Amino acid sequence: MTVPFQKYHGTGNDFLIIHANEHVPNRGALAKRECDRTDGVGADGVLFLALEEDFNPPRVVMTLFQPDGKTAEMCGNGARCAAEWAMERTGTDSVMIDTQAGTLRADRDGKNVVVEMTDLTFDPEEVPVDADEPVLEEEIEGLEVSVVNTGVTHAVSFVDDVDEVDLEAVAPPVRHADVFPEGTNVTIASPDGEGGFDQRTYERGVEGETDSCGTGAVAIAVVARRLGLTDADPVDVHPPGGDLQVSFNERGRPTLAGPVEHEFDGEVTLESPVES
Ligand SMILES: N[C@@H](CCC[C@H](N)C(=O)O)C(=O)O
């Protein structure tokens, strides 16, 4: 038995999209298998999307399964891909996206898909991080980090040059540090000289570096503003896979803008009626 998928990427952060109406008995097992870049289709995650077309704007319920088979509450680039998928199907330029971290509005703006992100927090209890005060420029496992939740947790470190950092060596101890009860993504940034930042992110759930991370780009912008490292608006963020812009709207919420590509469509096999 097979189920159809569509493959999208947002600045290199790539996802299989499967309609939530498809009967997939074990979504985690499918994500583990098909995200594998050697034996599966290869992706940073699988988005299961339910489309509710009767609303104006249409609504999409988004659930992200990561390559480790677990869900994540939020994904900035995933939300932009989900928005493009829903806009293509409904012929609209705006959609609402329901995530575990809250409801987001997404709009098409020329070649970009722009998502208004969830409320962000430095509050240790909500991040979550085991600390009494917000963690700002503190050393965790040898890396000076500031910790924020932009839908998911990010430990953000500003360095002179992101390309000089051995991320696969530096990030895992921080990602698994005891102070993070649910783990963390690890994002490093260096100034681009024009108020923006180069970005690299080691993602929880992928357990490796991805070509782009939307919540990570937003984390860089909000931490940089809080530390007085930039007053640019938008803040241009350059992950390896493209260019993102983070702005702050009239409600004080960050927006994330960038291109989305529909790569190809295909089918994946359900290995058995009940996957283990
Ligand atoms: N790539 C995503 C973030 C996905 C979730 C993350 N790996 C986590 O487990 O917190 C993005 O674009 O934001």
# chains A, B, ... in the order shown; residues from 1 in each chain; ligands from 1
>>> residues_around(residues="A:Phe197", least_positions_apart="6", cutoff="12 Å", atoms="only C-alpha atoms", output="number ranges by chain")
A: 157-162, 187-191, 216-225, 229-230, 232, 234-240, 243-246
>>> write_last_selection(atoms="N, CA and C atoms", output="mmCIF file, in the first residue's frame")
data_model
loop_
_atom_site.group_PDB
_atom_site.id
_atom_site.type_symbol
_atom_site.label_atom_id
_atom_site.label_comp_id
_atom_site.auth_asym_id
_atom_site.auth_seq_id
_atom_site.Cartn_x
_atom_site.Cartn_y
_atom_site.Cartn_z
ATOM 1 N N SER A 157 24.207 31.249 19.955
ATOM 2 C CA SER A 157 25.558 31.691 20.282
ATOM 3 C C SER A 157 26.087 32.567 19.150
ATOM 4 N N PHE A 158 26.592 33.749 19.525
ATOM 5 C CA PHE A 158 27.186 34.635 18.512
ATOM 6 C C PHE A 158 28.685 34.383 18.469
ATOM 7 N N VAL A 159 29.184 34.139 17.267
ATOM 8 C CA VAL A 159 30.601 33.818 17.066
ATOM 9 C C VAL A 159 31.140 34.745 15.980
ATOM 10 N N ASP A 160 32.473 34.774 15.828
ATOM 11 C CA ASP A 160 33.055 35.674 14.816
ATOM 12 C C ASP A 160 32.702 35.224 13.405
ATOM 13 N N ASP A 161 32.776 33.887 13.170
ATOM 14 C CA ASP A 161 32.550 33.376 11.815
ATOM 15 C C ASP A 161 31.936 31.975 11.919
ATOM 16 N N VAL A 162 30.669 31.854 11.526
ATOM 17 C CA VAL A 162 29.987 30.549 11.664
ATOM 18 C C VAL A 162 30.710 29.436 10.912
ATOM 19 N N THR A 187 21.849 27.067 17.746
ATOM 20 C CA THR A 187 21.976 27.965 16.592
ATOM 21 C C THR A 187 23.155 28.895 16.805
ATOM 22 N N ILE A 188 24.032 28.962 15.810
ATOM 23 C CA ILE A 188 25.148 29.911 15.903
ATOM 24 C C ILE A 188 24.974 30.979 14.833
ATOM 25 N N ALA A 189 25.494 32.175 15.134
ATOM 26 C CA ALA A 189 25.307 33.310 14.226
ATOM 27 C C ALA A 189 26.543 34.185 14.251
ATOM 28 N N SER A 190 26.847 34.771 13.094
ATOM 29 C CA SER A 190 27.904 35.786 13.067
ATOM 30 C C SER A 190 27.429 36.965 12.225
ATOM 31 N N PRO A 191 27.832 38.202 12.637
ATOM 32 C CA PRO A 191 27.357 39.403 11.950
ATOM 33 C C PRO A 191 27.788 39.413 10.479
ATOM 34 N N GLY A 216 15.052 29.148 14.209
ATOM 35 C CA GLY A 216 16.427 29.537 14.552
ATOM 36 C C GLY A 216 16.749 30.925 14.036
ATOM 37 N N ALA A 217 16.306 31.244 12.817
ATOM 38 C CA ALA A 217 16.528 32.581 12.260
ATOM 39 C C ALA A 217 15.840 33.633 13.127
ATOM 40 N N VAL A 218 14.606 33.322 13.554
ATOM 41 C CA VAL A 218 13.874 34.261 14.416
ATOM 42 C C VAL A 218 14.589 34.392 15.761
ATOM 43 N N ALA A 219 15.093 33.273 16.274
ATOM 44 C CA ALA A 219 15.819 33.304 17.552
ATOM 45 C C ALA A 219 17.044 34.225 17.450
ATOM 46 N N ILE A 220 17.763 34.136 16.342
ATOM 47 C CA ILE A 220 18.933 35.013 16.163
ATOM 48 C C ILE A 220 18.493 36.476 16.207
ATOM 49 N N ALA A 221 17.431 36.804 15.475
ATOM 50 C CA ALA A 221 16.986 38.200 15.396
ATOM 51 C C ALA A 221 16.539 38.717 16.763
ATOM 52 N N VAL A 222 15.765 37.922 17.500
ATOM 53 C CA VAL A 222 15.235 38.437 18.774
ATOM 54 C C VAL A 222 16.335 38.513 19.837
ATOM 55 N N VAL A 223 17.246 37.552 19.831
ATOM 56 C CA VAL A 223 18.349 37.618 20.803
ATOM 57 C C VAL A 223 19.279 38.778 20.440
ATOM 58 N N ALA A 224 19.567 38.935 19.163
ATOM 59 C CA ALA A 224 20.454 40.027 18.729
ATOM 60 C C ALA A 224 19.870 41.387 19.124
ATOM 61 N N ARG A 225 18.566 41.545 18.957
ATOM 62 C CA ARG A 225 17.942 42.812 19.361
ATOM 63 C C ARG A 225 18.010 42.994 20.871
ATOM 64 N N LEU A 229 22.723 43.963 19.547
ATOM 65 C CA LEU A 229 23.679 43.676 18.467
ATOM 66 C C LEU A 229 23.187 44.187 17.119
ATOM 67 N N THR A 230 21.899 44.495 17.006
ATOM 68 C CA THR A 230 21.364 45.049 15.754
ATOM 69 C C THR A 230 20.081 45.818 16.056
ATOM 70 N N ALA A 232 18.405 46.569 13.050
ATOM 71 C CA ALA A 232 17.860 46.452 11.690
ATOM 72 C C ALA A 232 16.437 45.890 11.729
ATOM 73 N N PRO A 234 13.817 44.868 8.424
ATOM 74 C CA PRO A 234 14.007 43.480 8.830
ATOM 75 C C PRO A 234 15.459 43.152 9.160
ATOM 76 N N VAL A 235 15.613 42.068 9.923
ATOM 77 C CA VAL A 235 16.935 41.494 10.153
ATOM 78 C C VAL A 235 17.128 40.407 9.091
ATOM 79 N N ASP A 236 18.144 40.582 8.236
ATOM 80 C CA ASP A 236 18.431 39.561 7.218
ATOM 81 C C ASP A 236 19.234 38.433 7.852
ATOM 82 N N VAL A 237 18.771 37.215 7.643
ATOM 83 C CA VAL A 237 19.472 36.048 8.204
ATOM 84 C C VAL A 237 19.798 35.106 7.046
ATOM 85 N N HIS A 238 21.056 34.656 7.026
ATOM 86 C CA HIS A 238 21.532 33.837 5.896
ATOM 87 C C HIS A 238 21.942 32.449 6.372
ATOM 88 N N PRO A 239 21.007 31.490 6.374
ATOM 89 C CA PRO A 239 21.410 30.094 6.604
ATOM 90 C C PRO A 239 22.102 29.579 5.335
ATOM 91 N N PRO A 240 22.724 28.394 5.383
ATOM 92 C CA PRO A 240 23.420 27.894 4.184
ATOM 93 C C PRO A 240 22.503 27.762 2.963
ATOM 94 N N ASP A 243 18.154 32.856 1.880
ATOM 95 C CA ASP A 243 18.051 34.093 2.666
ATOM 96 C C ASP A 243 16.664 34.224 3.272
ATOM 97 N N LEU A 244 16.638 34.566 4.552
ATOM 98 C CA LEU A 244 15.388 34.779 5.296
ATOM 99 C C LEU A 244 15.385 36.202 5.848
ATOM 100 N N GLN A 245 14.184 36.747 6.030
ATOM 101 C CA GLN A 245 14.070 38.061 6.662
ATOM 102 C C GLN A 245 13.149 37.930 7.880
ATOM 103 N N VAL A 246 13.598 38.495 8.988
ATOM 104 C CA VAL A 246 12.782 38.524 10.209
ATOM 105 C C VAL A 246 12.406 39.971 10.489
#
>>> residues_near_ligand(ligand="ligand 1", cutoff="10 Å", atoms="only C-alpha atoms and all ligand atoms", output="MDAnalysis selection string")
chainID A and resid 10:15 44:45 64:68 70:81 149:154 182:186 201:219 256
>>> write_last_selection(atoms="C-alpha atoms", output="JSON list (two decimals), in the first residue's frame")
[["chain", "number", "residue", "atom", "x", "y", "z"],
["A", 10, "GLY", "CA", 12.04, 26.47, 2.38],
["A", 11, "THR", "CA", 15.61, 27.77, 1.92],
["A", 12, "GLY", "CA", 16.87, 24.18, 1.93],
["A", 13, "ASN", "CA", 14.89, 22.94, 4.98],
["A", 14, "ASP", "CA", 13.00, 20.12, 3.22],
["A", 15, "PHE", "CA", 9.82, 18.24, 4.00],
["A", 44, "ASP", "CA", 14.31, 17.06, 7.44],
["A", 45, "GLY", "CA", 10.78, 16.02, 8.42],
["A", 64, "LEU", "CA", 5.57, 17.76, 12.06],
["A", 65, "PHE", "CA", 7.21, 14.37, 12.56],
["A", 66, "GLN", "CA", 11.00, 14.60, 12.65],
["A", 67, "PRO", "CA", 13.60, 12.07, 11.48],
["A", 68, "ASP", "CA", 13.80, 10.68, 15.04],
["A", 70, "LYS", "CA", 8.93, 12.34, 17.29],
["A", 71, "THR", "CA", 6.84, 15.47, 16.84],
["A", 72, "ALA", "CA", 7.97, 19.09, 17.23],
["A", 73, "GLU", "CA", 5.59, 21.82, 18.41],
["A", 74, "MET", "CA", 6.54, 24.29, 15.73],
["A", 75, "CYS", "CA", 8.67, 24.71, 12.62],
["A", 76, "GLY", "CA", 9.13, 28.07, 10.90],
["A", 77, "ASN", "CA", 10.16, 26.77, 7.49],
["A", 78, "GLY", "CA", 7.69, 23.88, 7.78],
["A", 79, "ALA", "CA", 4.92, 26.42, 8.36],
["A", 80, "ARG", "CA", 5.98, 28.35, 5.26],
["A", 81, "CYS", "CA", 5.93, 25.12, 3.20],
["A", 149, "ASN", "CA", 11.68, 29.83, 22.74],
["A", 150, "THR", "CA", 10.45, 30.98, 19.32],
["A", 151, "GLY", "CA", 7.91, 28.14, 19.08],
["A", 152, "VAL", "CA", 10.66, 25.67, 19.99],
["A", 153, "THR", "CA", 13.78, 26.06, 22.15],
["A", 154, "HIS", "CA", 16.99, 27.55, 20.74],
["A", 182, "GLU", "CA", 13.29, 18.73, 26.64],
["A", 183, "GLY", "CA", 16.60, 19.31, 24.85],
["A", 184, "THR", "CA", 17.32, 22.27, 22.59],
["A", 185, "ASN", "CA", 18.22, 23.29, 19.08],
["A", 186, "VAL", "CA", 21.65, 24.93, 18.86],
["A", 201, "THR", "CA", 21.64, 25.41, 13.21],
["A", 202, "TYR", "CA", 22.04, 21.94, 14.70],
["A", 203, "GLU", "CA", 18.48, 20.65, 15.02],
["A", 204, "ARG", "CA", 17.01, 18.54, 17.76],
["A", 205, "GLY", "CA", 15.04, 15.69, 16.15],
["A", 206, "VAL", "CA", 17.21, 15.76, 13.03],
["A", 207, "GLU", "CA", 20.28, 15.35, 15.30],
["A", 208, "GLY", "CA", 22.42, 17.16, 12.79],
["A", 209, "GLU", "CA", 22.84, 20.42, 10.92],
["A", 210, "THR", "CA", 20.12, 21.47, 8.48],
["A", 211, "ASP", "CA", 20.45, 23.88, 5.56],
["A", 212, "SER", "CA", 18.01, 26.28, 7.21],
["A", 213, "CYS", "CA", 15.91, 26.66, 10.36],
["A", 214, "GLY", "CA", 13.15, 29.26, 10.54],
["A", 215, "THR", "CA", 12.62, 29.32, 14.31],
["A", 216, "GLY", "CA", 16.43, 29.54, 14.55],
["A", 217, "ALA", "CA", 16.53, 32.58, 12.26],
["A", 218, "VAL", "CA", 13.87, 34.26, 14.42],
["A", 219, "ALA", "CA", 15.82, 33.30, 17.55],
["A", 256, "LEU", "CA", 9.55, 35.13, 8.98]]
>>> closest_residue(among="A:Glu138, A:Glu52, A:Glu116, A:Glu261", to="A:Val174", atoms="only C-alpha atoms")
A:Glu138
>>> select_by_dssp(residues="stretch 49-242 of chain A", states="helix (DSSP H, G or I)", output="VMD selection string")
chain A and resid 76 to 90 162 to 164 167 to 175 214 to 226
>>> closest_residue(among="A:Asp163, A:Asp130, A:Asp39, A:Leu49", to="A:Ala177", atoms="only C-alpha atoms")
A:Asp130
>>> closest_residue(among="A:Pro124, A:Pro4, A:Pro25, A:Gly196", to="A:Ser247", atoms="only C-alpha atoms")
A:Gly196
>>> closest_residue(among="A:Arg33, A:Arg89, A:His19, A:Arg200", to="A:Glu53", atoms="only C-alpha atoms")
A:Arg89
>>> select_by_dssp(residues="stretch 55-269 of chain A", states="strand (DSSP E)", output="number ranges by chain")
A: 59-65, 71-72, 94-99, 102-109, 112-116, 138-140, 143-149, 153-158, 185-191, 197-203, 208-210, 235-238, 244-248, 254-259, 261-269
>>> closest_residue(among="A:Phe264, A:Arg108, A:Ala50, A:Thr255", to="A:Met87", atoms="only C-alpha atoms")
A:Arg108
>>> closest_residue(among="A:Arg59, A:Lys7, A:Arg27, A:Arg226", to="A:Leu270", atoms="only C-alpha atoms")
A:Arg27
>>> atom_distance(atom1="atom CA of A:Val135", atom2="atom CA of A:Val147")
5.5 Å
>>> residues_around(residues="A:Thr103", least_positions_apart="4", cutoff="9 Å", atoms="only C-alpha atoms", output="ChimeraX atom specification")
/A:96-99,117-118
>>> atom_distance(atom1="atom CA of A:Val61", atom2="atom CA of A:Gln100")
9.1 Å
>>> residues_around(residues="A:Phe48", least_positions_apart="2", cutoff="6 Å", atoms="only C-alpha atoms", output="ChimeraX atom specification")
/A:17-20,62-63
>>> atom_distance(atom1="atom CA of A:Leu167", atom2="atom CA of A:Phe180")
18.6 Å
